[in-house]
file target-v5.pdb (PDB, C-alpha atoms)
ATOM      1  CA  MET A   1       0.260 -20.945  -0.470
ATOM      2  CA  SER A   2      -0.181 -19.387   2.980
ATOM      3  CA  ILE A   3      -0.189 -15.678   3.723
ATOM      4  CA  PHE A   4       3.262 -16.041   5.316
ATOM      5  CA  ASP A   5       4.636 -17.521   2.099
ATOM      6  CA  LYS A   6       3.199 -14.597   0.165
ATOM      7  CA  LEU A   7       4.744 -12.141   2.614
ATOM      8  CA  LYS A   8       8.193 -13.711   2.371
ATOM      9  CA  ASN A   9       8.276 -13.242  -1.392
ATOM     10  CA  SER A  10       6.756  -9.801  -1.818
ATOM     11  CA  ALA A  11       7.251  -6.107  -1.349
ATOM     12  CA  LEU A  12       4.311  -6.299   1.047
ATOM     13  CA  LEU A  13       6.602  -7.558   3.822
ATOM     14  CA  GLU A  14       8.833  -4.521   3.404
ATOM     15  CA  LEU A  15       5.804  -2.235   3.552
ATOM     16  CA  ILE A  16       4.377  -3.933   6.651
ATOM     17  CA  GLN A  17       7.681  -3.461   8.462
ATOM     18  CA  ASP A  18       7.753   0.207   7.473
ATOM     19  CA  PRO A  19       7.054   2.424  10.528
ATOM     20  CA  ARG A  20       4.997   4.719   8.293
ATOM     21  CA  LEU A  21       2.487   1.906   7.734
ATOM     22  CA  ARG A  22       2.185   1.492  11.490
ATOM     23  CA  ASP A  23       1.502   5.244  11.709
ATOM     24  CA  LEU A  24      -1.105   4.885   8.990
ATOM     25  CA  LEU A  25      -2.892   2.188  10.966
ATOM     26  CA  THR A  26      -2.559   3.761  14.421
ATOM     27  CA  LYS A  27      -2.680   7.513  13.733
ATOM     28  CA  ARG A  28      -4.656   7.217  10.468
ATOM     29  CA  GLU A  29      -2.212   9.625   8.891
ATOM     30  CA  PHE A  30       0.687   9.442   6.469
ATOM     31  CA  ARG A  31       3.408  11.864   5.458
ATOM     32  CA  LEU A  32       5.469  11.849   2.280
ATOM     33  CA  SER A  33       8.534  14.049   2.228
ATOM     34  CA  GLN A  34       9.519  16.181  -0.721
ATOM     35  CA  GLU A  35      12.602  13.945  -1.152
ATOM     36  CA  GLU A  36      10.456  10.782  -1.385
ATOM     37  CA  LEU A  37       8.225  12.381  -3.990
ATOM     38  CA  HIS A  38      11.287  13.491  -5.909
ATOM     39  CA  ARG A  39      12.585   9.906  -6.017
ATOM     40  CA  GLU A  40       9.229   8.456  -7.135
ATOM     41  CA  PHE A  41       8.176  11.058  -9.703
ATOM     42  CA  VAL A  42      11.019  13.240 -10.902
ATOM     43  CA  ASN A  43      13.613  10.523 -11.410
ATOM     44  CA  GLN A  44      11.241   8.753 -13.821
ATOM     45  CA  ALA A  45      10.349  11.921 -15.739
ATOM     46  CA  ALA A  46      13.900  13.247 -16.099
ATOM     47  CA  ASP A  47      15.302  13.302 -19.620
ATOM     48  CA  GLU A  48      18.621  15.108 -19.915
ATOM     49  CA  GLU A  49      18.196  15.482 -23.683
ATOM     50  CA  GLU A  50      14.991  17.544 -23.549
ATOM     51  CA  VAL A  51      14.190  18.246 -19.872
ATOM     52  CA  GLN A  52      17.033  19.250 -17.590
ATOM     53  CA  GLU A  53      17.440  20.115 -13.910
ATOM     54  CA  LEU A  54      13.977  18.809 -13.032
ATOM     55  CA  ALA A  55      12.949  19.525  -9.436
ATOM     56  CA  LEU A  56       9.801  19.049  -7.344
ATOM     57  CA  THR A  57       8.893  21.405  -4.511
ATOM     58  CA  VAL A  58       6.033  20.973  -2.041
ATOM     59  CA  GLY A  59       4.718  24.251  -0.657
ATOM     60  CA  GLU A  60       1.715  25.385   1.366
ATOM     61  CA  GLY A  61      -1.225  24.252  -0.786
ATOM     62  CA  PHE A  62       0.711  23.433  -3.956
ATOM     63  CA  LEU A  63       3.244  21.245  -5.756
ATOM     64  CA  GLU A  64       5.676  22.900  -8.134
ATOM     65  CA  LEU A  65       7.674  21.224 -10.865
ATOM     66  CA  SER A  66      10.526  23.239 -12.344
ATOM     67  CA  GLY A  67      13.405  22.737 -14.689
ATOM     68  CA  ARG A  68      14.712  23.646 -18.100
ATOM     69  CA  VAL A  69      13.359  22.424 -21.427
ATOM     70  CA  LYS A  70      15.280  22.285 -24.665
ATOM     71  CA  LYS A  71      13.113  22.914 -27.710
ATOM     72  CA  ARG A  72      14.296  22.689 -31.274
ATOM     73  CA  PRO A  73      15.516  24.794 -33.089
ATOM     74  CA  LEU A  74      16.593  26.920 -30.090
ATOM     75  CA  PRO A  75      20.236  26.316 -29.093
ATOM     76  CA  PHE A  76      19.520  26.877 -25.381
ATOM     77  CA  ALA A  77      17.217  25.501 -22.690
ATOM     78  CA  ILE A  78      14.218  27.547 -21.481
ATOM     79  CA  PRO A  79      13.495  27.587 -17.725
ATOM     80  CA  PHE A  80       9.941  26.631 -16.745
ATOM     81  CA  SER A  81       7.835  26.050 -13.664
ATOM     82  CA  ALA A  82       4.441  24.392 -13.315
ATOM     83  CA  ARG A  83       2.314  24.838 -10.217
ATOM     84  CA  PHE A  84      -0.349  22.277  -9.289
ATOM     85  CA  SER A  85      -3.074  22.348  -6.659
ATOM     86  CA  LEU A  86      -5.200  19.511  -5.362
ATOM     87  CA  HIS A  87      -8.357  19.178  -7.451
ATOM     88  CA  SER A  88      -9.946  16.008  -6.060
ATOM     89  CA  LEU A  89      -9.403  12.568  -4.561
ATOM     90  CA  GLU A  90     -10.833   9.304  -5.794
ATOM     91  CA  PHE A  91     -10.331   6.468  -3.356
ATOM     92  CA  SER A  92     -12.789   3.656  -3.977
ATOM     93  CA  VAL A  93     -12.764  -0.062  -4.748
ATOM     94  CA  ARG A  94     -12.529   0.739  -8.473
ATOM     95  CA  SER A  95     -10.020   3.562  -8.409
ATOM     96  CA  LYS A  96      -7.422   5.091  -6.164
ATOM     97  CA  ALA A  97      -6.293   8.362  -7.681
ATOM     98  CA  VAL A  98      -5.295  11.926  -6.872
ATOM     99  CA  HIS A  99      -6.230  14.621  -9.392
ATOM    100  CA  LEU A 100      -4.028  17.712  -9.571
ATOM    101  CA  ARG A 101      -5.059  20.874 -11.413
ATOM    102  CA  LEU A 102      -2.416  22.685 -13.432
ATOM    103  CA  GLU A 103      -2.749  26.201 -12.004
ATOM    104  CA  GLU A 104       0.127  28.025 -13.613
ATOM    105  CA  LEU A 105       2.797  27.301 -16.189
ATOM    106  CA  LYS A 106       5.605  29.823 -16.653
ATOM    107  CA  PRO A 107       6.937  31.380 -18.811
ATOM    108  CA  PHE A 108       4.207  30.209 -21.184
ATOM    109  CA  SER A 109       1.806  27.318 -21.558
ATOM    110  CA  LEU A 110       3.401  24.243 -23.071
ATOM    111  CA  ASP A 111       0.826  21.460 -23.122
ATOM    112  CA  SER A 112       3.291  19.423 -25.159
ATOM    113  CA  LEU A 113       5.839  19.671 -22.319
ATOM    114  CA  THR A 114       3.230  18.682 -19.713
ATOM    115  CA  LYS A 115       2.135  15.701 -21.804
ATOM    116  CA  LYS A 116       5.744  14.682 -22.453
ATOM    117  CA  LEU A 117       6.647  14.728 -18.755
ATOM    118  CA  VAL A 118       3.486  12.868 -17.752
ATOM    119  CA  GLU A 119       3.906  10.193 -20.442
ATOM    120  CA  LYS A 120       7.351   9.290 -19.048
ATOM    121  CA  VAL A 121       5.885   8.350 -15.671
ATOM    122  CA  PRO A 122       3.729   5.196 -15.970
ATOM    123  CA  PHE A 123       1.399   6.083 -13.085
ATOM    124  CA  LEU A 124       0.466   9.557 -14.362
ATOM    125  CA  SER A 125      -2.025  10.711 -16.988
ATOM    126  CA  PHE A 126      -2.974  14.180 -18.264
ATOM    127  CA  ALA A 127      -6.316  15.423 -19.624
ATOM    128  CA  ASP A 128      -8.250  18.698 -19.489
ATOM    129  CA  GLY A 129      -5.677  20.496 -17.343
ATOM    130  CA  LEU A 130      -5.641  17.696 -14.733
ATOM    131  CA  VAL A 131      -2.745  15.425 -13.917
ATOM    132  CA  THR A 132      -3.990  12.169 -12.414
ATOM    133  CA  VAL A 133      -1.760  10.104 -10.140
ATOM    134  CA  HIS A 134      -2.967   6.483 -10.316
ATOM    135  CA  LEU A 135      -1.900   5.266  -6.871
ATOM    136  CA  VAL A 136      -2.236   1.534  -7.618
ATOM    137  CA  LYS A 137       0.417   1.958 -10.329
ATOM    138  CA  VAL A 138       2.980   3.703  -8.093
ATOM    139  CA  PRO A 139       5.633   1.010  -7.535
ATOM    140  CA  ARG A 140       5.989   1.656  -3.793
ATOM    141  CA  LEU A 141       2.209   1.518  -3.229
ATOM    142  CA  ALA A 142       1.035  -1.084  -5.745
ATOM    143  CA  GLY A 143       1.732  -4.153  -3.582
ATOM    144  CA  LEU A 144       0.077  -2.599  -0.566
ATOM    145  CA  LEU A 145      -3.059  -1.248  -2.247
ATOM    146  CA  THR A 146      -3.782  -4.445  -4.192
ATOM    147  CA  CYS A 147      -2.818  -7.053  -1.586
ATOM    148  CA  GLN A 148      -5.322  -9.778  -0.757
ATOM    149  CA  VAL A 149      -5.604 -11.921   2.329
ATOM    150  CA  LYS A 150      -7.803 -14.951   1.642
ATOM    151  CA  GLY A 151      -9.721 -13.000  -0.990
ATOM    152  CA  PHE A 152     -10.130  -9.939   1.256
ATOM    153  CA  ARG A 153      -8.563  -6.680   0.073
ATOM    154  CA  PRO A 154      -7.941  -4.528   3.184
ATOM    155  CA  PHE A 155      -7.346  -1.312   1.257
ATOM    156  CA  ASP A 156     -10.789  -1.537  -0.340
ATOM    157  CA  HIS A 157     -12.028  -0.535   3.133
ATOM    158  CA  ILE A 158      -9.695   2.401   3.675
ATOM    159  CA  VAL A 159     -10.672   5.846   2.430
ATOM    160  CA  LEU A 160      -8.379   8.771   1.778
ATOM    161  CA  LYS A 161     -10.328  11.508   3.570
ATOM    162  CA  GLU A 162      -7.967  14.426   3.226
ATOM    163  CA  LEU A 163      -4.773  15.295   1.410
ATOM    164  CA  SER A 164      -2.828  18.504   1.870
ATOM    165  CA  PHE A 165       0.400  20.015   0.659
ATOM    166  CA  ARG A 166       2.527  21.528   3.399
ATOM    167  CA  ALA A 167       5.983  23.008   3.185
ATOM    168  CA  GLY A 168       8.272  20.087   2.303
ATOM    169  CA  GLU A 169       5.688  17.295   2.629
ATOM    170  CA  VAL A 170       2.349  15.828   1.627
ATOM    171  CA  VAL A 171       0.068  14.860   4.513
ATOM    172  CA  GLY A 172      -2.901  12.533   4.195
ATOM    173  CA  ARG A 173      -5.613  11.401   6.594
ATOM    174  CA  VAL A 174      -7.409   8.107   6.117
ATOM    175  CA  GLY A 175     -10.575   6.538   7.439
ATOM    176  CA  VAL A 176     -11.876   2.992   7.632
ATOM    177  CA  LEU A 177     -15.137   1.814   6.078
ATOM    178  CA  LEU A 178     -16.936  -0.897   7.982
TER     179      LEU A 178
END

call {"tool": "encode", "arguments": {"input": "target-v5.pdb", "output": "structure tokens"}}
result
Amino acid sequence: MSIFDKLKNSALLELIQDPRLRDLLTKREFRLSQEELHREFVNQAADEEEVQELALTVGEGFLELSGRVKKRPLPFAIPFSARFSLHSLEFSVRSKAVHLRLEELKPFSLDSLTKKLVEKVPFLSFADGLVTVHLVKVPRLAGLLTCQVKGFRPFDHIVLKELSFRAGEVVGRVGVLL
């Protein structure tokens, strides 16, 4: 099977045609809007029975998840917000992950809520106050990060150098390893 056959039948073709991928290769930068993140993360974590009105906000230096949680035996939902900051990046051949530190949870700490939300999203994990985003498991990125061309994996040679949270978007800078 040639590379063109693989491209015709995969999400990789869609990604290659994406102007953001061209920006990644030419400007060595990518931007993810708050709306894109909402579609990828929040829609998977939403659960109208227990977690309601879930929203994701990207601010200067932080991500904030807010909503309302219904806990038994209370007859009403309790509003909450969780603020995360960037802890570290892991972008190697073995792992491509972003680690977020849970900075603040209002009105009170609910590790059970954090675990419940994280468990609903297959590309997230939670341990020791860190939420890890496993990038190779994110549906939109999986095909791109794991693609092979004649046994060569291009994204094994790309490094995520910087990631920042800005009002309404996440901005990343990448480098190339030779």

call {"tool": "atom_distance", "arguments": {"input": "target-v5.pdb", "atom1": "CA of Leu135 in chain A", "atom2": "CA of His157 in chain A"}}
result
15.4 Å

call {"tool": "atom_distance", "arguments": {"input": "target-v5.pdb", "atom1": "CA of Val174 in chain A", "atom2": "CA of Val121 in chain A"}}
result
25.5 Å

call {"tool": "residues_around", "arguments": {"input": "target-v5.pdb", "residues": "His87 in chain A", "least_positions_apart": "3", "cutoff": "9 Å", "atoms": "only C-alpha atoms", "output": "JSON, numbers by chain"}}
result
{"A": [84, 98, 99, 100, 101, 130]}

call {"tool": "atom_distance", "arguments": {"input": "target-v5.pdb", "atom1": "CA of Phe62 in chain A", "atom2": "CA of Arg94 in chain A"}}
result
26.7 Å

call {"tool": "residues_around", "arguments": {"input": "target-v5.pdb", "residues": "Phe80 in chain A", "least_positions_apart": "5", "cutoff": "9 Å", "atoms": "all atoms listed in the file", "output": "list in words"}}
result
Leu65, Ser66, Gly67, Arg68, Val69, Leu105, Lys106, Pro107 and Phe108 of chain A

call {"tool": "resolve_selection", "arguments": {"input": "target-v5.pdb", "expression": "the PyMOL selection byres ((chain A and resi 166) around 10)", "output": "count of residues only"}}
result
17

call {"tool": "closest_residue", "arguments": {"input": "target-v5.pdb", "among": "A:Leu177, A:Val93, A:Val131, A:Leu102", "to": "Ser81 in chain A", "atoms": "only C-alpha atoms"}}
result
A:Leu102

call {"tool": "resolve_selection", "arguments": {"input": "target-v5.pdb", "expression": "the PyMOL selection byres ((chain A and resi 77) around 12)", "output": "PDB file with C-alpha atoms, in the coordinates of the input"}}
result
ATOM      1  CA  GLU A  48      18.621  15.108 -19.915  1.00  0.00           C
ATOM      2  CA  GLU A  49      18.196  15.482 -23.683  1.00  0.00           C
ATOM      3  CA  GLU A  50      14.991  17.544 -23.549  1.00  0.00           C
ATOM      4  CA  VAL A  51      14.190  18.246 -19.872  1.00  0.00           C
ATOM      5  CA  GLN A  52      17.033  19.250 -17.590  1.00  0.00           C
ATOM      6  CA  GLU A  53      17.440  20.115 -13.910  1.00  0.00           C
ATOM      7  CA  GLY A  67      13.405  22.737 -14.689  1.00  0.00           C
ATOM      8  CA  ARG A  68      14.712  23.646 -18.100  1.00  0.00           C
ATOM      9  CA  VAL A  69      13.359  22.424 -21.427  1.00  0.00           C
ATOM     10  CA  LYS A  70      15.280  22.285 -24.665  1.00  0.00           C
ATOM     11  CA  LYS A  71      13.113  22.914 -27.710  1.00  0.00           C
ATOM     12  CA  ARG A  72      14.296  22.689 -31.274  1.00  0.00           C
ATOM     13  CA  PRO A  73      15.516  24.794 -33.089  1.00  0.00           C
ATOM     14  CA  LEU A  74      16.593  26.920 -30.090  1.00  0.00           C
ATOM     15  CA  PRO A  75      20.236  26.316 -29.093  1.00  0.00           C
ATOM     16  CA  PHE A  76      19.520  26.877 -25.381  1.00  0.00           C
ATOM     17  CA  ILE A  78      14.218  27.547 -21.481  1.00  0.00           C
ATOM     18  CA  PRO A  79      13.495  27.587 -17.725  1.00  0.00           C
ATOM     19  CA  PHE A  80       9.941  26.631 -16.745  1.00  0.00           C
TER      20      PHE A  80
END

call {"tool": "axis_aligned_box", "arguments": {"input": "target-v5.pdb", "around": "range 39-43 of chain A", "padding_each_side": "4 Å", "output": "lines of an AutoDock Vina configuration file"}}
result
center_x = 10.9
center_y = 10.8
center_z = -8.7
size_x = 13.4
size_y = 12.8
size_z = 13.4

call {"tool": "closest_atom_pairs", "arguments": {"input": "target-v5.pdb", "of": "range 78-148 of chain A", "to": "range 40-44 of chain A", "cutoff": "12 Å", "atoms": "only C-alpha atoms", "output": "CSV"}}
result
residue,atom,partner,partner_atom,distance
A:Lys116,CA,A:Gln44,CA,11.8
A:Leu117,CA,A:Gln44,CA,9.0
A:Val118,CA,A:Phe41,CA,9.5
A:Glu119,CA,A:Gln44,CA,10.0
A:Lys120,CA,A:Gln44,CA,6.5
A:Val121,CA,A:Gln44,CA,5.7
A:Pro122,CA,A:Gln44,CA,8.6
A:Phe123,CA,A:Phe41,CA,9.1
A:Leu124,CA,A:Phe41,CA,9.1
A:Val133,CA,A:Phe41,CA,10.0
A:Leu135,CA,A:Glu40,CA,11.6
A:Lys137,CA,A:Glu40,CA,11.4
A:Val138,CA,A:Glu40,CA,7.9
A:Pro139,CA,A:Glu40,CA,8.3
A:Arg140,CA,A:Glu40,CA,8.2
A:Leu141,CA,A:Glu40,CA,10.6

call {"tool": "resolve_selection", "arguments": {"input": "target-v5.pdb", "expression": "the PyMOL selection byres ((chain A and resi 158) around 9)", "output": "PyMOL selection string"}}
result
chain A and resi 91-92+154-157+159-160+174-177
